[in-house]
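Engineer: What follows is a structure written as structure tokens; I'll ask about it next.
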Amino acid sequence: WRVEHGSLGFRGLTMFCSILILLCGSSLSLQGFVELTIFPTVANLNRIKLNSKQCRIYRVRINDLEAAFIYNDPTLEVCHSESKQRNLNYFSNAYAAAVSAVDPDAGNGELCIKVPSELWRHVDELKVLKIHINFSLDQPKGGLHFVVPSVEGSMAERGAHVFSCGYQNSTRFWFPCVDSYSELCTWKLEFTVDAAMVAVSNGDLVETVYTHDMRKKTFHYMLTIPTAASNISLAIGPFEILVDPYMHEVTHFCLPQLLPLLKHTTSYLHEVFEFYEEILTCRYPYSCFKTVFIDEAYVEVAAYASMSIFSTNLLHSAMIIDETPLTRRCLAQSLAQQFFGCFISRMSWSDEWVLKGISGYIYGLWMKKTFGVNEYRHWIKEELDKIVAYELKTGGVLLHPIFGGGKEKDNPASHLHFSIKHPHTLSWEYYTMFQCKAHLVMRLIENRISMEFMLQVFNKLLSLASTASSQKFQSHMWSQMLVSTYGFLKSISNVSGKDIQPLIKQWVDQSGVVKFYGSFAFNRKRNVLELEIKQDYTSPGTQKYVGPLKVTVQELDGSFNHTLQIEENSLKHDIPCHSKSRRNKKKKIPLMNGEEVDMDLSAMDADSPLLWIRIDPDMSVLRKVEFEQADFMWQYQLRYERDVVAQQESILALEKFPTPASRLALTDTLEHEHCFYRVRMAACFCLAKIANSMVSTWTGPPAMKSLFTRMFCCKTCPNIVKTNNFMSFQSYFLQKTMPVAMALLRDVHNLCPKEVLTFILDLIKYNDNRKNKFSDNYYRAEMIDALANSVTPAVSVNNEVRTLDNLNPDVRLILEEITRFLNMEKLLPSYRHTITVSCLKAIRVLQKNGHVPSDPALFKSYAEYGHFVDIRIAALEAVVDYTKVDRSYEELQWLLNMIQTDPVPYVRHKILNMLTKNPPFTKNLESPLCNEALVDQLWKLMNSGTSHDWRLRCGAVDLYFTLFGLSRPSCLPLPELGLVLNLKEKKAVLNPTIIPETAAGNQEFSSSQEEEEIDMDTVHDSQAFISHHLNMLERPSTPGKVKVPQSHRRRHEHKKKKKKHRHKHRHRHRHDARERERDREPFAFSSPASGRSARSPSLSD
Amino acid sequence: RSGSKHSTNPADNYHLARRRTLQVVVSSLLTEAGFESAEKASVETLTEMLQSCDAGIKGMCHHTCFNVDTLPAYAKRSQRMVITAPPVTNQPVTPKALTAGQNRPHPPHIPSHFPEFPDPHTYIKTPTYREPVSDYQVLREKAASQRRDVERALTRFMAKTGETQSLFKDDVSTFPLIAARPFTIPYLTALLPSELEMQQMEETDSLEQDEQMDTENLALHVSTDDSGAEKENASVLQQNPALPGSRNGEESVIDNPYLRPVKKPKILSSRASWSLLLGTKSLASGRELG
């Protein structure tokens, strides 16, 4: 259970960080110093490693003595530029090695400080050291994001602001620290900023003092609760300040002019506080809480110690319906992470799932309380479907990877194109799914041990941590504030007395989900239900399930739960039925919840008493179930089963049964006011699909039309919709959705019926929001979506050029509406420009269907920086789609350029993400776009172009994988050189890449055949690692350069052969280095393997 | 006065008419006295005399030995010339044909000597009006097409006056799209409700405000922001007894560090951090970076 921890050799005590932020003219920079008080834990600590990226370090002093330091960041350029390697396997391994080489959890860091020899004695006595580092940061590319609108006026008037951001531990981007979640210390932070600005940071604001020239202010913060550097954050801007009227310790900040929105948006927060404090029976751990809403956010929600940074786009007024629940969810999510994630941090990366799981789980409890059980179950089902789909697609998500002495072939994630050893190598999508799985597994644990025990465990973790946090520095005490998988499980077994090992083994230590196939037969003679449950555990992403499985059978006499034991070879399960098939027609049928209902039983099989069967109704297994039952059973399930998940499952199943009975069941559901609105919305789309399948036999008006008329149109004039009144949110959502679904209807010619189009156009025409309390922007946007949905491919006569003259008259009407809407948006913009977004999407649909000439120019103008982010993303999505459909090299280049140059990190990330989702080509497809230049370009992008943003780099890796796969891209020529030098065996061999089709090689490193490839990668790793260490030994303050003694170099080369057991290897290496330094002076030498000059420490590029 | 250009004035009109009548009187008296003709100036002088005599007839009686009693006889003399009344044109009588309704008699509390009520049309409601279209369908139809036409015209106008984009290369006028223009601060337009919406919101709010004056709603609007501009709210809060007393007390002294005044710098900074940092910077960088 325990993960081997690389040791830093010291523990942080306190951190004092003082930063001066300069925001003037075009220079965005900061200067500062940090003062780190550390406590050596090993006697012979002579080098101290810290994390730092981008920063220019001027001077390091330890206890007022000048200390030599070296700065080396192998992640700046993962594979050296002269390398011609282009296969992703190689890159991923090298990248993982580079990240390990600076991983603080493994005792590494970019900044290596040599303890002056005068202090060695001091260290041996394990006395406290004070490290003082002066640094500056100029125009940072990552970690801190500056937003500076280009208007007239001072920085404050322009609304310029800056905030810290990043994916996982990214604090090293803006000041030197031990950038780990497991290294706790107390903090004192000082930020000197322009007098018109406010600096918001972690902990309590002690005082604000003017500088001597009265032009600047210094904000002094104090954080006495031990906190990891990775949970430190900063936001500076001309913020408007709002003290929460319910909780005066809570302060909200927003950008100028948005105060009314801030008031409304945060007016709900105190209820979330109350909820969490109540269920956890624990007070909010920090003495204050701050929310900051900023523009150009990296992520919508980012939680840091005692403050959360949100996207300003979450703010909304009381008129907005759709955004309200989303924003509240974000607030609740961030607050859950304050308890688990910020206050309680993790021991190591492999314990991350516990924190994400707990915070996601308590957030789920909040959802259940706030939005109701239906919404909660719907959400769980949605999350379950997502994780199942992802795991089946990619081959599994592993919550608790165990590394350490692991051999390469045990690599738990060999199916993935990235390493899961570090958060920074993880694909963003994988990480999202990881969080999703974590909270689902927490729910499974709750199912096993009960919620009461679950909350007791959380309470125990929190109270231990808060006791520890109030203690003075004692390393063993503070570690109580870090959660580990082991500690968490131990706590569970202590509290509940239950053994949850099998559950953990199945879902936490192992990846994959379960895939069930079920079918049944009713044996009338024995009155027994013969259920057959098969599993697919051979496909990627699946695993075998053994254990209990709940099956619920609804019979005429009532609903019965059965627990089946799924075992190795048993497929068939006999379940005795209670009711005889003869039925008493008058009797009401009892349901699971005790309700008794009348049913029309004429549809069912006269011989069988079974109404419907559900497998694993409580979702207590992470599974996908494909169950076969008759159409009438699905219909009964939809009508009478009260669980929304069951209703949704039956709606999905009914798509395959386009019959009048299905139609009726769906229509009834749609009309049923007590039915959950999301189920009704799903029924709309299913009904559209069924209607299309039944097109030849369909009678009456188009599906849903009369329903809509009855619900939302005037009694006297049925073609006119009532003036908007969105007081009932359920009908609002239904009113929005029905036309969108109706537009999917097709007639026998596969065209959208004229009647439907007229109907939608009339809805738009008669839309009247004057008397409504709420904005109708989302409604109108959906009407445009409906118009887009009604578009069918143009009948094209010999590929003529699309002109206005041959425009279809229906399309002309649609275009007329779109033009008007889009133009009106310029004069009266809607909230979040929802209408513009829908218009852009609709125009792309028209282009794709050949009604309008395909042209990316319009989208490119909307994609420019300066448009609202939602518009930009919609426009970029259209450009991405255009690139794919028209195979445009020019547009692809335009997109790639934007990935590198756009000022907004989120947009860059999103472009990569969209290109990966909708790639212009894939590895198995021939495409004119796929050429050597593109390979080089992308390689460069992930190799060195994205070193300032972990998320972006992983996004580039994802794209590279989608386009070219794991091995050398097929469009590349074979390497020119036939002979390569094999360093390992010190002889020249025939370039092995010529023999196998996919292997790769080059002059510098040789790569042997397939089975040896992994080993070779390890060699590269260790080479990178060694070279890195060799670099580190250099002392810039030492004049001159002494060549490495031959013996040393040989020693290293010798070590290269020990390619496995990297952890041990690393330790030994460090010891060697230490011995060496202790007894000898020369420690500056150049690395044989590295192409980089050791004399030029890679400062910020 | 005769030279006055402004003859439209009713007072002037009256004077002119009176003078003209006096002139006729003077002329007839002269004719009676046997004059065949008279110079304009003398007639004018006599008219002037008559006018003043007329005005001060009573005073004259006292100052002269003029016997008023002889006047009636004089007036009835046989040889007098009969002067027709001047045509009254400047006081047209409202044509009776246009009267609406019956003239109202005075109610009992108004003495009868008071003037009559004006014509009824000046104060009664006219019972005739054009029947407006009350058919819901037509109204909605009309409102919808009106709005659409306005929007269309407006957007077309805007498109014509500014830059446009087009979906068709061969045609730029049928579906003119106002060109996309980046904003300097895009989130403001995207998030803040437009003025129209604000107005709408106030309207709908005012309808409901009476019903929803509960404390929660009130508390929601209470702002404690540092600007202190919301004095209205503060006073509302103090007046409102529904809020718990403790909170009421706290409200006035919210101790939030962000609301505290900024301190003046100490004269002697114990930690001269910045001078230290900036002073050593050039030195250090010179050494470390060569």
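By order of appearance in the structure tokens: chains A, B, ..., then residues from 1 within every chain, and ligands from 1 in the order shown.
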What are the residues of chain A that have an atom within 7 Å of an atom of chain B, counting only C-alpha atoms, as a compact mmCIF listing (two decimals) with C-alpha atoms, in the first residue's frame?

Structural biologist:
# COMPACT_ATOMS: atom_id res chain seq x y z
CA TYR A 58 19.48 36.33 -9.19
CA ARG A 59 20.84 35.27 -5.94
CA PRO A 149 -7.40 44.98 -22.31
CA SER A 150 -5.98 47.36 -24.87
CA VAL A 151 -7.95 50.48 -24.13
CA LEU A 205 -5.07 39.72 5.12
CA THR A 208 -2.40 46.82 3.77
CA VAL A 209 0.34 49.42 3.76
CA TYR A 210 1.23 52.11 1.26
CA THR A 211 4.74 52.22 -0.06
CA HIS A 212 6.74 55.36 0.61
CA ILE A 241 -15.25 44.06 -3.16
CA LEU A 242 -18.37 42.52 -1.70
CA VAL A 243 -18.49 41.25 1.84
CA PRO A 245 -24.01 39.70 3.87
CA HIS A 248 -18.62 38.43 7.03
CA GLU A 249 -15.51 36.28 6.82
CA SER A 267 -26.17 35.27 -2.65
CA HIS A 316 -25.26 36.06 -14.01
CA CYS A 717 -55.32 30.61 -32.01
CA LYS A 765 -41.98 35.11 -35.28
CA TYR A 766 -44.47 35.19 -32.43
CA ARG A 770 -42.03 41.54 -22.93
CA LYS A 771 -44.00 40.26 -19.98
CA LYS A 773 -39.43 37.93 -15.72
CA THR A 803 -25.07 30.83 -55.40
CA LEU A 804 -27.95 32.84 -54.16
CA GLU A 816 -33.31 35.28 -43.28
CA THR A 819 -29.18 36.98 -40.55
CA ARG A 820 -31.63 38.97 -38.52
CA ASN A 823 -27.35 41.24 -36.72
CA MET A 824 -29.61 41.98 -33.78
CA LEU A 828 -28.78 44.04 -28.39
CA PRO A 829 -26.36 41.34 -27.30
CA SER A 830 -27.79 38.40 -25.40
CA TYR A 831 -26.37 36.91 -22.23
CA ARG A 832 -23.15 35.05 -23.04
CA HIS A 833 -23.99 35.67 -26.70
CA VAL A 852 -24.20 27.98 -48.68
CA PRO A 853 -20.68 27.97 -50.11
CA SER A 861 -13.29 36.66 -37.96
CA TYR A 862 -15.41 35.52 -35.03
CA GLY A 866 -11.57 40.07 -28.43
CA HIS A 867 -14.76 38.16 -28.94
CA PHE A 868 -16.50 36.53 -26.05
CA PRO A 1036 28.14 28.67 -11.69
CA SER A 1037 29.88 30.49 -8.90

Engineer: So the first atom is atom CA of A:Arg951 and the second is atom CA of A:Trp174; what is the distance between them in Å, to one decimal place?

Structural biologist: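 About the pair atom CA of A:Arg951 and atom CA of A:Trp174: they are 16.8 Å apart.
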
Engineer: Using only C-alpha atoms, determine which residues lie at most 12 Å from A:Ser496, disregarding the query and same-chain residues fewer than 6 positions distant; provide the list as an MDAnalysis selection string.

Structural biologist: chainID A and resid 445:446 448:457 489:490

Engineer: Given the choices B:Thr164, B:Ser28, B:Ser173, B:Gln146, which gets closest to B:Gln79 if the distance is worked out from only C-alpha atoms?

Structural biologist: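 Of all the options, B:Ser28 lies closest to B:Gln79.
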
Engineer: Atom CA of A:Arg377 and atom CA of A:Leu622 are how many Å apart?

Structural biologist: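 Pair atom CA of A:Arg377 / atom CA of A:Leu622 returns 14.2 Å.
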
Engineer: Tell me, as a ChimeraX atom specification, which residues lie within 8 Å of A:Leu840, counting only C-alpha atoms; anything in the same chain fewer than 3 positions away does not count.

Structural biologist: /A:836-837,843-844,859,874-875,878

Engineer: May I have the selected residues written with C-alpha atoms, as a PDB file, in the first residue's frame?

Structural biologist:
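Output contents, as saved in out.pdb:
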ATOM      1  CA  THR A 836     -24.467  34.321 -31.862  1.00  0.00           C
ATOM      2  CA  VAL A 837     -23.115  30.932 -30.884  1.00  0.00           C
ATOM      3  CA  ILE A 843     -24.287  28.649 -40.636  1.00  0.00           C
ATOM      4  CA  ARG A 844     -21.750  25.857 -40.489  1.00  0.00           C
ATOM      5  CA  PHE A 859     -15.736  31.947 -38.587  1.00  0.00           C
ATOM      6  CA  ALA A 874     -18.069  28.029 -31.552  1.00  0.00           C
ATOM      7  CA  ALA A 875     -16.285  29.730 -34.438  1.00  0.00           C
ATOM      8  CA  ALA A 878     -16.537  25.462 -37.275  1.00  0.00           C
TER       9      ALA A 878
END

Engineer: Quick one, how far is atom CA of A:Lys705 from atom CA of A:Asn849?

Structural biologist: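 Distance reported for this atom pair: 25.6 Å.
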
Engineer: Can you list, as a list in words, every protein, DNA or RNA residue that comes within 12 Å of A:Leu126 when you count only C-alpha atoms, leaving out same-chain residues fewer than 6 positions away?

Structural biologist: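 That gives Gly9, Phe10, Arg11, Ile38, Phe39, Pro40, Thr41, Val42, Ala43, Asn44, Leu45, Asn46, Leu119 and Trp120 of chain A.
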
Engineer: Given only C-alpha atoms as the basis, pick out the residue of A:Asn494, A:Leu571, A:Ser463, A:Cys342 nearest to A:Phe516.

Structural biologist: A:Leu571

Engineer: Compile the contact shell of A:Ile613 as a VMD selection string: residues with an atom at most 9 Å away, counting only C-alpha atoms, same-chain residues fewer than 5 positions apart removed.

Structural biologist: chain A and resid 551 to 555 627 629 633 637

Engineer: Keeping N, CA and C atoms, export the residues of the selection given above as a compact mmCIF listing (two decimals), in the first residue's frame.

Structural biologist:
# COMPACT_ATOMS: atom_id res chain seq x y z
N VAL A 551 -30.84 -7.73 -8.80
CA VAL A 551 -31.78 -7.73 -9.92
C VAL A 551 -33.16 -7.44 -9.36
N THR A 552 -33.87 -6.53 -9.96
CA THR A 552 -35.22 -6.21 -9.49
C THR A 552 -36.21 -6.68 -10.54
N VAL A 553 -37.17 -7.44 -10.07
CA VAL A 553 -38.19 -7.96 -10.98
C VAL A 553 -39.53 -7.37 -10.58
N GLN A 554 -40.16 -6.72 -11.51
CA GLN A 554 -41.50 -6.22 -11.25
C GLN A 554 -42.50 -7.24 -11.78
N GLU A 555 -43.24 -7.81 -10.83
CA GLU A 555 -44.24 -8.78 -11.23
C GLU A 555 -45.61 -8.19 -10.98
N PHE A 627 -29.49 -5.15 -21.83
CA PHE A 627 -30.47 -6.14 -21.42
C PHE A 627 -31.56 -6.25 -22.46
N GLN A 629 -35.29 -7.21 -23.27
CA GLN A 629 -36.63 -7.59 -22.87
C GLN A 629 -37.59 -7.06 -23.92
N MET A 633 -42.45 -4.57 -22.27
CA MET A 633 -41.84 -4.47 -20.94
C MET A 633 -41.14 -3.14 -20.78
N GLN A 637 -42.07 -0.27 -18.16
CA GLN A 637 -41.02 0.31 -17.33
C GLN A 637 -41.01 1.83 -17.44

Engineer: Extract the full set of strand (DSSP E) residues from stretch 187-385 of chain A according to DSSP on the backbone, and format it as JSON, numbers by chain.

Structural biologist: {"A": [187, 188, 189, 190, 191, 192, 193, 194, 198, 199, 200, 201, 204, 205, 206, 207, 208, 209, 210, 216, 217, 218, 219, 220, 221, 222, 223, 224, 225, 226, 227, 228, 234, 235, 236, 237, 240, 241, 242, 243, 250, 251, 252, 253, 254, 289, 290, 291, 292, 293, 294, 301, 302, 303, 304, 307, 308, 309, 310, 311, 345, 346]}

Engineer: Extract, using only C-alpha atoms, all DNA, RNA and protein residues at most 12 Å from A:Ser608, discarding same-chain residues fewer than 3 positions from it, and format them as a PyMOL selection string.

Structural biologist: chain A and resi 520-529+554-557+577-583+601+603-605+611-612+630+633
